[in-house]
$ cat query.cif   # mmCIF, C-alpha atoms
data_work
loop_
_atom_site.label_atom_id
_atom_site.label_comp_id
_atom_site.auth_asym_id
_atom_site.auth_seq_id
_atom_site.Cartn_x
_atom_site.Cartn_y
_atom_site.Cartn_z
CA MET A 18 131.82 78.20 91.43
CA PRO A 19 134.34 75.47 92.17
CA ARG A 20 134.14 73.52 88.92
CA THR A 21 137.12 75.11 87.15
CA THR A 22 139.61 77.86 87.72
CA GLU A 23 138.22 81.15 86.54
CA PHE A 24 140.08 83.57 84.33
CA PRO A 25 140.99 86.54 86.52
CA PHE A 26 139.23 89.86 86.04
CA LEU A 27 141.26 92.44 84.19
CA VAL A 28 141.91 95.50 86.27
CA ASP A 29 139.37 98.02 85.06
CA THR A 30 138.12 100.78 87.29
CA THR A 31 136.49 102.93 84.62
CA LEU A 32 132.98 101.68 85.41
CA PRO A 33 131.81 101.90 89.01
CA THR A 34 131.13 98.60 90.80
CA TYR A 35 130.37 97.57 94.39
CA PRO A 36 133.38 95.48 95.46
CA ASP A 37 132.62 93.15 98.38
CA SER A 38 129.05 94.47 98.56
CA GLY A 39 127.95 91.35 100.43
CA VAL A 40 124.84 91.22 98.22
CA ARG A 41 124.00 87.57 97.49
CA VAL A 42 122.98 86.93 93.88
CA GLY A 43 121.74 83.45 93.06
CA VAL A 44 122.35 82.08 89.55
CA VAL A 45 120.10 79.17 88.58
CA THR A 46 121.32 76.18 86.57
CA PHE A 47 118.87 73.85 84.81
CA PRO A 48 119.83 70.88 82.64
CA GLY A 49 120.70 72.63 79.37
CA THR A 50 121.52 76.06 80.81
CA LEU A 51 124.46 77.61 78.94
CA ASP A 52 125.12 81.05 80.32
CA ASP A 53 125.16 80.46 84.07
CA ARG A 54 128.93 80.85 84.27
CA ASP A 55 128.87 84.13 82.35
CA ALA A 56 125.99 85.47 84.44
CA ALA A 57 127.82 84.49 87.63
CA ARG A 58 130.99 86.16 86.43
CA ALA A 59 129.11 89.34 85.52
CA ALA A 60 127.44 89.48 88.94
CA ARG A 61 130.77 88.81 90.66
CA LEU A 62 132.46 91.53 88.59
CA ALA A 63 129.75 93.96 89.71
CA GLY A 64 130.58 93.12 93.33
CA ALA A 65 128.04 90.43 94.27
CA ASP A 66 128.61 87.22 96.21
CA VAL A 67 127.40 84.64 93.71
CA VAL A 68 125.41 81.67 94.98
CA PRO A 69 125.00 78.81 92.48
CA LEU A 70 121.43 77.48 92.63
CA TRP A 71 120.43 74.08 91.25
CA HIS A 72 116.97 73.72 89.69
CA ALA A 73 116.09 70.59 91.65
CA ASP A 74 116.82 72.16 95.04
CA ALA A 75 114.02 73.82 96.94
CA ASP A 76 116.21 76.21 98.91
CA LEU A 77 116.91 79.76 97.76
CA GLN A 78 119.81 79.96 100.25
CA ASP A 79 118.78 83.38 101.45
CA VAL A 80 119.82 85.16 98.24
CA ASP A 81 119.01 88.85 97.72
CA ALA A 82 118.35 88.47 93.98
CA VAL A 83 118.11 85.72 91.37
CA ILE A 84 119.30 85.47 87.78
CA ILE A 85 117.78 82.85 85.50
CA PRO A 86 120.33 82.64 82.69
CA GLY A 87 120.08 81.72 79.05
CA GLY A 88 120.46 78.39 77.31
CA PHE A 89 118.17 75.58 76.31
CA SER A 90 116.72 74.20 79.54
CA TYR A 91 115.44 70.67 78.92
CA GLY A 92 116.48 71.06 75.28
CA ASP A 93 113.56 73.45 74.71
CA TYR A 94 111.40 70.31 74.58
CA LEU A 95 107.64 70.99 74.52
CA ARG A 96 108.19 74.79 74.42
CA ALA A 97 111.15 76.93 75.48
CA GLY A 98 111.01 77.19 79.28
CA ALA A 99 107.88 75.04 79.59
CA ILE A 100 109.39 72.19 81.58
CA ALA A 101 111.85 74.30 83.59
CA ARG A 102 108.89 76.25 84.94
CA PHE A 103 107.88 73.25 87.05
CA ALA A 104 111.29 72.78 88.73
CA PRO A 105 111.15 72.79 92.56
CA LEU A 106 113.35 75.88 92.71
CA MET A 107 110.98 77.80 90.41
CA ASP A 108 108.13 77.42 92.94
CA LYS A 109 110.35 79.14 95.52
CA ILE A 110 111.37 81.86 93.06
CA ILE A 111 107.75 82.53 92.03
CA ASP A 112 106.64 82.78 95.68
CA ALA A 113 109.57 85.03 96.63
CA ALA A 114 109.04 87.28 93.59
CA ASN A 115 105.35 87.70 94.44
CA SER A 116 105.94 88.11 98.19
CA ALA A 117 106.05 91.39 100.07
CA ALA A 118 109.86 91.15 100.00
CA LYS A 119 109.69 91.36 96.16
CA LEU A 120 112.79 89.30 95.40
CA PRO A 121 114.49 90.81 92.32
CA VAL A 122 114.49 88.24 89.49
CA LEU A 123 116.20 88.70 86.12
CA GLY A 124 115.45 86.29 83.28
CA ILE A 125 117.79 86.44 80.30
CA CYS A 126 116.86 84.75 76.98
CA ASN A 127 115.75 81.25 78.03
CA GLY A 128 115.34 82.74 81.51
CA PHE A 129 112.84 85.23 80.02
CA GLN A 130 111.01 82.33 78.38
CA ILE A 131 110.89 80.54 81.75
CA LEU A 132 109.47 83.68 83.41
CA THR A 133 106.65 83.93 80.86
CA GLU A 134 105.87 80.22 81.18
CA SER A 135 105.81 80.77 84.97
CA HIS A 136 103.32 83.65 84.51
CA LEU A 137 105.67 86.00 86.37
CA LEU A 138 105.67 88.01 83.14
CA PRO A 139 102.88 88.19 80.52
CA GLY A 140 103.05 87.06 76.90
CA SER A 141 105.18 84.38 75.32
CA MET A 142 107.98 83.78 72.86
CA ILE A 143 107.60 82.02 69.53
CA LYS A 144 110.10 81.21 66.79
CA ASN A 145 111.85 84.19 65.17
CA ASP A 146 109.76 85.46 62.25
CA HIS A 147 112.60 84.69 59.81
CA LEU A 148 112.96 81.16 61.29
CA HIS A 149 116.74 81.39 61.70
CA PHE A 150 118.88 81.37 64.78
CA ILE A 151 120.31 84.88 65.08
CA CYS A 152 123.47 86.09 66.81
CA ARG A 153 124.41 89.76 66.62
CA ASP A 154 125.34 92.79 68.64
CA GLN A 155 121.97 94.43 69.20
CA GLN A 156 121.08 97.98 70.11
CA LEU A 157 118.38 98.44 72.75
CA ARG A 158 116.68 101.55 74.05
CA VAL A 159 116.21 101.62 77.83
CA GLN A 160 112.64 102.76 78.48
CA ASN A 161 112.17 102.15 82.18
CA THR A 162 114.89 102.95 84.73
CA SER A 163 112.80 102.25 87.83
CA THR A 164 113.12 98.44 87.83
CA ALA A 165 115.43 96.53 90.17
CA PHE A 166 117.85 95.91 87.29
CA THR A 167 117.88 99.20 85.37
CA GLY A 168 118.32 101.92 88.00
CA LEU A 169 121.80 102.91 86.83
CA TYR A 170 120.80 103.43 83.18
CA GLU A 171 119.68 106.77 81.80
CA GLN A 172 116.13 107.08 80.46
CA ASP A 173 116.20 106.43 76.66
CA GLN A 174 119.86 105.40 76.79
CA VAL A 175 120.80 103.23 73.80
CA ILE A 176 122.94 100.26 74.78
CA THR A 177 124.55 97.46 72.76
CA VAL A 178 124.55 93.87 74.00
CA PRO A 179 124.72 90.51 72.20
CA LEU A 180 121.51 88.80 71.10
CA LYS A 181 121.44 85.08 70.29
CA ASN A 182 118.28 83.04 70.02
CA GLN A 183 115.92 80.95 67.97
CA ASP A 184 112.61 81.56 69.76
CA GLY A 185 112.89 85.28 70.40
CA GLN A 186 109.70 86.69 68.90
CA TYR A 187 107.78 88.26 71.77
CA VAL A 188 104.01 87.92 71.37
CA ALA A 189 101.02 88.85 73.50
CA ASP A 190 97.45 89.86 72.73
CA GLU A 191 96.77 93.51 71.88
CA HIS A 192 95.14 94.17 75.25
CA THR A 193 98.23 92.93 77.12
CA LEU A 194 100.54 94.96 74.88
CA ASP A 195 98.46 98.11 75.47
CA GLU A 196 98.54 97.47 79.21
CA LEU A 197 102.33 96.95 79.22
CA GLU A 198 102.83 100.26 77.41
CA ALA A 199 100.29 102.16 79.53
CA GLU A 200 101.96 100.96 82.74
CA ASN A 201 105.47 101.71 81.44
CA ARG A 202 106.40 98.04 81.72
CA VAL A 203 108.26 97.82 78.40
CA VAL A 204 111.81 98.08 79.78
CA PHE A 205 113.77 97.62 76.54
CA ARG A 206 112.90 98.03 72.87
CA TYR A 207 114.96 96.90 69.91
CA GLU A 208 116.55 100.00 68.41
CA GLY A 209 117.17 100.40 64.69
CA PHE A 210 116.36 96.80 63.76
CA ASN A 211 113.80 94.36 65.08
CA PRO A 212 115.72 91.06 64.90
CA ASN A 213 112.89 88.58 65.42
CA GLY A 214 109.49 90.13 64.70
CA SER A 215 108.71 90.89 68.35
CA ARG A 216 105.46 92.81 68.80
CA ARG A 217 106.03 96.56 69.11
CA ASP A 218 109.83 96.00 69.08
CA ILE A 219 109.69 94.70 72.65
CA ALA A 220 113.00 93.25 73.86
CA GLY A 221 112.32 93.19 77.59
CA ILE A 222 109.51 93.77 80.07
CA THR A 223 108.89 93.96 83.80
CA ASN A 224 106.08 93.03 86.19
CA ALA A 225 103.87 95.65 87.83
CA ALA A 226 106.13 95.86 90.91
CA GLY A 227 109.33 96.26 88.85
CA ASN A 228 111.21 93.47 90.63
CA VAL A 229 110.91 90.88 87.85
CA VAL A 230 112.62 91.73 84.54
CA GLY A 231 112.95 89.53 81.46
CA LEU A 232 114.71 90.21 78.17
CA MET A 233 115.94 88.22 75.19
CA PRO A 234 119.38 89.85 74.66
CA HIS A 235 122.36 89.00 76.87
CA PRO A 236 123.74 91.77 79.09
CA GLU A 237 126.04 89.28 80.85
CA HIS A 238 128.06 88.97 77.62
CA ALA A 239 128.85 92.69 77.61
CA VAL A 240 130.48 93.41 80.95
CA GLU A 241 134.21 93.06 80.46
CA LEU A 242 136.92 94.51 78.23
CA GLY A 243 138.02 92.02 75.60
CA PHE A 244 134.77 90.05 75.45
CA GLY A 245 131.82 92.34 74.72
CA PRO A 246 130.65 93.95 71.46
CA ASP A 247 133.68 95.29 69.54
CA HIS A 248 135.79 93.86 72.37
CA THR A 249 135.08 96.96 74.41
CA GLY A 250 131.31 97.02 74.99
CA ARG A 251 130.38 96.84 78.66
CA ASP A 252 126.85 98.25 78.50
CA GLY A 253 125.47 95.14 80.22
CA LEU A 254 127.37 95.61 83.48
CA PHE A 255 124.78 98.10 84.75
CA PHE A 256 122.16 95.34 85.08
CA PHE A 257 124.31 93.77 87.76
CA THR A 258 125.49 96.95 89.51
CA SER A 259 121.88 98.24 89.41
CA VAL A 260 120.52 95.26 91.32
CA ILE A 261 123.31 95.48 93.91
CA LYS A 262 122.49 99.16 94.42
CA HIS A 263 118.78 98.29 94.59
CA VAL A 264 119.36 95.64 97.29
CA LEU A 265 121.69 97.87 99.32
CA GLU A 266 119.19 100.74 99.25
CA ALA A 267 116.27 98.47 100.16
CA ALA A 268 118.25 97.24 103.18
CA LYS A 269 118.74 100.74 104.55
CA MET B 17 96.01 49.86 75.99
CA PRO B 18 94.03 53.00 75.29
CA ARG B 19 95.67 56.32 74.52
CA ILE B 20 94.40 59.83 75.07
CA VAL B 21 95.36 61.96 72.10
CA VAL B 22 95.75 65.70 72.69
CA ASP B 23 95.98 68.00 69.68
CA VAL B 24 97.44 71.48 70.16
CA MET B 25 97.53 74.20 67.50
CA PRO B 26 98.94 77.72 67.46
CA LYS B 27 96.16 80.26 68.01
CA PRO B 28 94.69 81.51 64.72
CA GLU B 29 95.76 85.10 65.44
CA ILE B 30 99.37 84.06 66.13
CA LEU B 31 101.46 84.00 63.00
CA ASP B 32 102.87 80.48 62.83
CA PRO B 33 106.42 80.88 61.43
CA GLN B 34 106.88 77.14 60.89
CA GLY B 35 103.57 76.79 59.09
CA LYS B 36 104.46 79.76 56.91
CA ALA B 37 107.76 78.12 55.91
CA ILE B 38 105.97 74.87 55.10
CA ALA B 39 103.35 76.69 53.03
CA ALA B 40 106.12 78.41 51.08
CA SER B 41 107.89 75.12 50.34
CA LEU B 42 104.85 73.16 49.12
CA PRO B 43 104.41 74.85 45.72
CA ARG B 44 108.14 74.50 45.04
CA LEU B 45 107.62 70.73 45.28
CA GLY B 46 104.62 70.80 42.96
CA PHE B 47 101.91 70.80 45.65
CA THR B 48 100.10 73.83 44.32
CA SER B 49 96.61 73.38 45.78
CA PHE B 50 97.30 74.70 49.28
CA HIS B 51 97.38 78.39 50.07
CA ALA B 52 98.28 78.04 53.76
CA ALA B 53 99.70 75.56 56.27
CA ARG B 54 99.79 75.53 60.03
CA GLN B 55 101.83 73.26 62.25
CA GLY B 56 100.65 71.98 65.60
CA LYS B 57 101.52 69.26 68.09
CA ARG B 58 99.99 65.88 68.86
CA PHE B 59 100.52 64.25 72.26
CA GLU B 60 99.66 60.63 73.04
CA LEU B 61 99.09 59.79 76.70
CA SER B 62 99.04 56.04 77.30
CA VAL B 63 96.75 54.67 79.98
CA ASP B 64 96.80 51.31 81.77
CA GLY B 65 93.25 49.98 81.79
CA GLU B 66 90.07 51.89 81.19
CA VAL B 67 89.95 55.64 80.57
CA THR B 68 87.70 56.84 83.36
CA GLU B 69 86.18 60.30 83.55
CA GLU B 70 88.74 61.09 86.28
CA ILE B 71 91.67 60.13 84.02
CA LEU B 72 90.17 62.15 81.18
CA GLU B 73 89.87 65.12 83.51
CA GLN B 74 93.57 64.74 84.38
CA ALA B 75 94.38 64.76 80.67
CA ARG B 76 92.32 67.94 80.17
CA ASP B 77 94.14 69.53 83.10
CA ALA B 78 97.57 68.50 81.76
CA ALA B 79 96.61 69.76 78.29
CA ALA B 80 95.68 73.18 79.67
CA THR B 81 98.58 73.63 82.10
CA VAL B 82 101.58 71.83 80.60
CA LEU B 83 101.00 70.55 77.07
CA SER B 84 99.81 73.90 75.76
CA ASN B 85 100.54 77.54 76.55
CA PRO B 86 97.17 79.33 76.38
CA VAL B 87 98.89 82.57 75.44
CA ILE B 88 99.92 81.19 72.06
CA GLU B 89 98.15 77.83 71.64
CA ASP B 90 94.71 76.20 71.72
CA VAL B 91 93.92 72.63 72.72
CA VAL B 92 91.74 71.75 69.71
CA ALA B 93 90.87 68.13 70.52
CA ILE B 94 91.17 65.52 73.25
CA THR B 95 90.19 62.06 72.01
CA VAL B 96 90.44 58.55 73.38
CA VAL B 97 91.85 55.94 71.02
CA ASP B 98 91.48 52.30 72.04
CA ASP B 99 93.83 50.22 69.89
CA ALA B 100 92.51 46.89 71.24
CA ALA B 101 88.92 47.78 70.40
CA ALA B 102 89.94 49.02 66.97
CA ALA B 103 91.71 45.72 66.19
CA GLU B 104 88.66 43.56 66.97
#

$ encode --input "query.cif" --output "structure tokens"
Amino acid sequence: MPRTTEFPFLVDTTLPTYPDSGVRVGVVTFPGTLDDRDAARAARLAGADVVPLWHADADLQDVDAVIIPGGFSYGDYLRAGAIARFAPLMDKIIDAANSAAKLPVLGICNGFQILTESHLLPGSMIKNDHLHFICRDQQLRVQNTSTAFTGLYEQDQVITVPLKNQDGQYVADEHTLDELEAENRVVFRYEGFNPNGSRRDIAGITNAAGNVVGLMPHPEHAVELGFGPDHTGRDGLFFFTSVIKHVLEAAK
Amino acid sequence: MPRIVVDVMPKPEILDPQGKAIAASLPRLGFTSFHAARQGKRFELSVDGEVTEEILEQARDAAATVLSNPVIEDVVAITVVDDAAAAE
């Protein structure tokens, strides 16, 4: 992104990435998006070519995957994600996600809220049960490693990534929750502590095809030495390497 | 000019965290007669001229698709308020 000079990546070869993979990852910016730069940096660190996407454009620029980052699109007016859902770019993303090509789409935090408002994922988010904004390093258990964004995790691996939100309580009717569990579509559960009252400790889910994933915590904040949990946590990087691997394998 | 008023409430089975906080604060302020509170939203859609059935249908459509999220909320009332008529 040309807006400012970016801090260079520290040399760190301890986690495998896909340098110069050629995989094009689009990162969407809405008015009020906060974490687009971090998401772009995480994808770039993993080896993707990052393509900035603007909400008002109607061109996906031939990207191989899309990240809808966190923040407060449209100030969370009406409901979190409710107005962003109707952006021209979202129509393209919804069509591409539902198409035979099954465009991988990752929604983080506000991005997750946008995906539920778009009906790409079931359920909804309401205010945290304790009513406070919460920011903490959160443990998650990975429960589904067959999605486009979780292929490089181990089944039942416990990871730590930052969580920061106000409207993070995942809700859905009992039938939908049963269906999600029966179809193995709960991708992440809060481990040890449920920080917002989410039903059945659900932190992240996927669609039936596994190409659309949404979660409240922020993997893009845990990808680089010096910045993640305890200044060393990089558990989030695998979201971004996983999707690159997924795209490369699908292209074979 | 008439307004179409749309009232949206959280579904009864959804715990309303804001309503719960309000209910907890009321007795502290001496309002002891209320054992629960729920918080919803009221939208006012202003219309130039008469509210036709077509315009009302648009309001119903907007209420169902944009103003409320049927997963967590119900549209409990859509009413037409005509300020000019009320003033006469």

$ resolve_selection --input "query.cif" --expression "the PyMOL selection byres ((chain A) within 8 of (chain B))" --output "list in words"
Leu95, Ala99, Ile100, Glu134, Gly140, Ser141, Lys144, Asn145, Asp146, His147, Leu148, Val188, Ala189 and Asp190 of chain A

$ resolve_selection --input "query.cif" --expression "the PyMOL selection byres ((chain A and resi 63) around 8)" --output "list of chain:residue names"
A:Thr34, A:Tyr35, A:Pro36, A:Ala59, A:Ala60, A:Arg61, A:Leu62, A:Gly64, A:Ala65, A:Leu254, A:Phe257, A:Thr258, A:Ile261

$ resolve_selection --input "query.cif" --expression "the PyMOL selection byres ((chain B and resi 53) around 7)" --output "PyMOL selection string"
chain B and resi 35-36+38-39+52+54-55

$ write_last_selection --input "query.cif" --atoms "C-alpha atoms" --output "PDB file, in the coordinates of the input"
ATOM      1  CA  GLY B  35     103.570  76.790  59.090  1.00  0.00           C
ATOM      2  CA  LYS B  36     104.460  79.760  56.910  1.00  0.00           C
ATOM      3  CA  ILE B  38     105.970  74.870  55.100  1.00  0.00           C
ATOM      4  CA  ALA B  39     103.350  76.690  53.030  1.00  0.00           C
ATOM      5  CA  ALA B  52      98.280  78.040  53.760  1.00  0.00           C
ATOM      6  CA  ARG B  54      99.790  75.530  60.030  1.00  0.00           C
ATOM      7  CA  GLN B  55     101.830  73.260  62.250  1.00  0.00           C
TER       8      GLN B  55
END

$ atom_distance --input "query.cif" --atom1 "CA of His72 (chain A)" --atom2 "CA of Phe47 (chain A)"
5.2 Å

$ atom_distance --input "query.cif" --atom1 "CA of Asn224 (chain A)" --atom2 "CA of Arg158 (chain A)"
18.2 Å

$ atom_distance --input "query.cif" --atom1 "CA of Gly250 (chain A)" --atom2 "CA of Asp173 (chain A)"
17.9 Å

$ residues_around --input "query.cif" --residues "Asn201 (chain A)" --least-positions-apart "6" --cutoff "10 Å" --atoms "all atoms listed in the file" --output "list of chain:residue names"
A:Gln160, A:Asn161, A:Ser163, A:Asp195, A:Ile222, A:Thr223, A:Asn224, A:Ala225, A:Gly227

$ residues_around --input "query.cif" --residues "Ile85 (chain A)" --least-positions-apart "3" --cutoff "7 Å" --atoms "all atoms listed in the file" --output "list of chain:residue names"
A:Val44, A:Val45, A:Leu123, A:Gly124, A:Ile125, A:Gly128

$ decode --input "query.cif" --residues "region 48-96 of chain B" --atoms "C-alpha atoms" --output "short mmCIF file (atom, residue, chain, number, x, y, z; two decimals), in the first residue's frame"
data_model
loop_
_atom_site.label_atom_id
_atom_site.label_comp_id
_atom_site.auth_asym_id
_atom_site.auth_seq_id
_atom_site.Cartn_x
_atom_site.Cartn_y
_atom_site.Cartn_z
CA THR B 48 -38.20 -0.26 42.24
CA SER B 49 -41.37 -1.31 40.41
CA PHE B 50 -39.75 -2.80 37.31
CA HIS B 51 -38.32 -6.30 37.26
CA ALA B 52 -37.04 -6.20 33.67
CA ALA B 53 -36.15 -3.78 30.88
CA ARG B 54 -35.50 -4.28 27.20
CA GLN B 55 -34.02 -1.79 24.78
CA GLY B 56 -35.04 -1.53 21.15
CA LYS B 57 -34.75 0.92 18.28
CA ARG B 58 -37.18 3.38 16.73
CA PHE B 59 -36.71 4.56 13.14
CA GLU B 60 -38.60 7.48 11.60
CA LEU B 61 -38.85 7.51 7.81
CA SER B 62 -40.06 10.86 6.50
CA VAL B 63 -42.23 10.90 3.40
CA ASP B 64 -43.03 13.76 1.01
CA GLY B 65 -46.77 13.72 0.41
CA GLU B 66 -49.19 10.91 1.07
CA VAL B 67 -48.14 7.51 2.39
CA THR B 68 -49.40 5.18 -0.32
CA GLU B 69 -49.63 1.42 0.03
CA GLU B 70 -46.56 1.20 -2.25
CA ILE B 71 -44.51 3.46 0.04
CA LEU B 72 -45.67 1.49 3.07
CA GLU B 73 -44.59 -1.71 1.34
CA GLN B 74 -41.15 -0.17 0.76
CA ALA B 75 -40.96 0.65 4.46
CA ARG B 76 -41.88 -2.94 5.37
CA ASP B 77 -39.21 -4.19 2.99
CA ALA B 78 -36.57 -1.82 4.41
CA ALA B 79 -37.57 -2.81 7.95
CA ALA B 80 -37.09 -6.50 7.18
CA THR B 81 -33.86 -6.24 5.17
CA VAL B 82 -31.91 -3.29 6.56
CA LEU B 83 -33.42 -1.79 9.71
CA SER B 84 -33.61 -5.12 11.52
CA ASN B 85 -31.60 -8.32 11.52
CA PRO B 86 -34.15 -11.15 11.72
CA VAL B 87 -31.61 -13.39 13.43
CA ILE B 88 -31.64 -11.24 16.55
CA GLU B 89 -34.47 -8.71 16.16
CA ASP B 90 -38.20 -8.45 15.45
CA VAL B 91 -39.98 -5.59 13.71
CA VAL B 92 -42.76 -5.11 16.27
CA ALA B 93 -44.65 -2.20 14.70
CA ILE B 94 -44.82 -0.09 11.56
CA THR B 95 -47.08 2.94 12.01
CA VAL B 96 -47.82 6.06 10.01
#
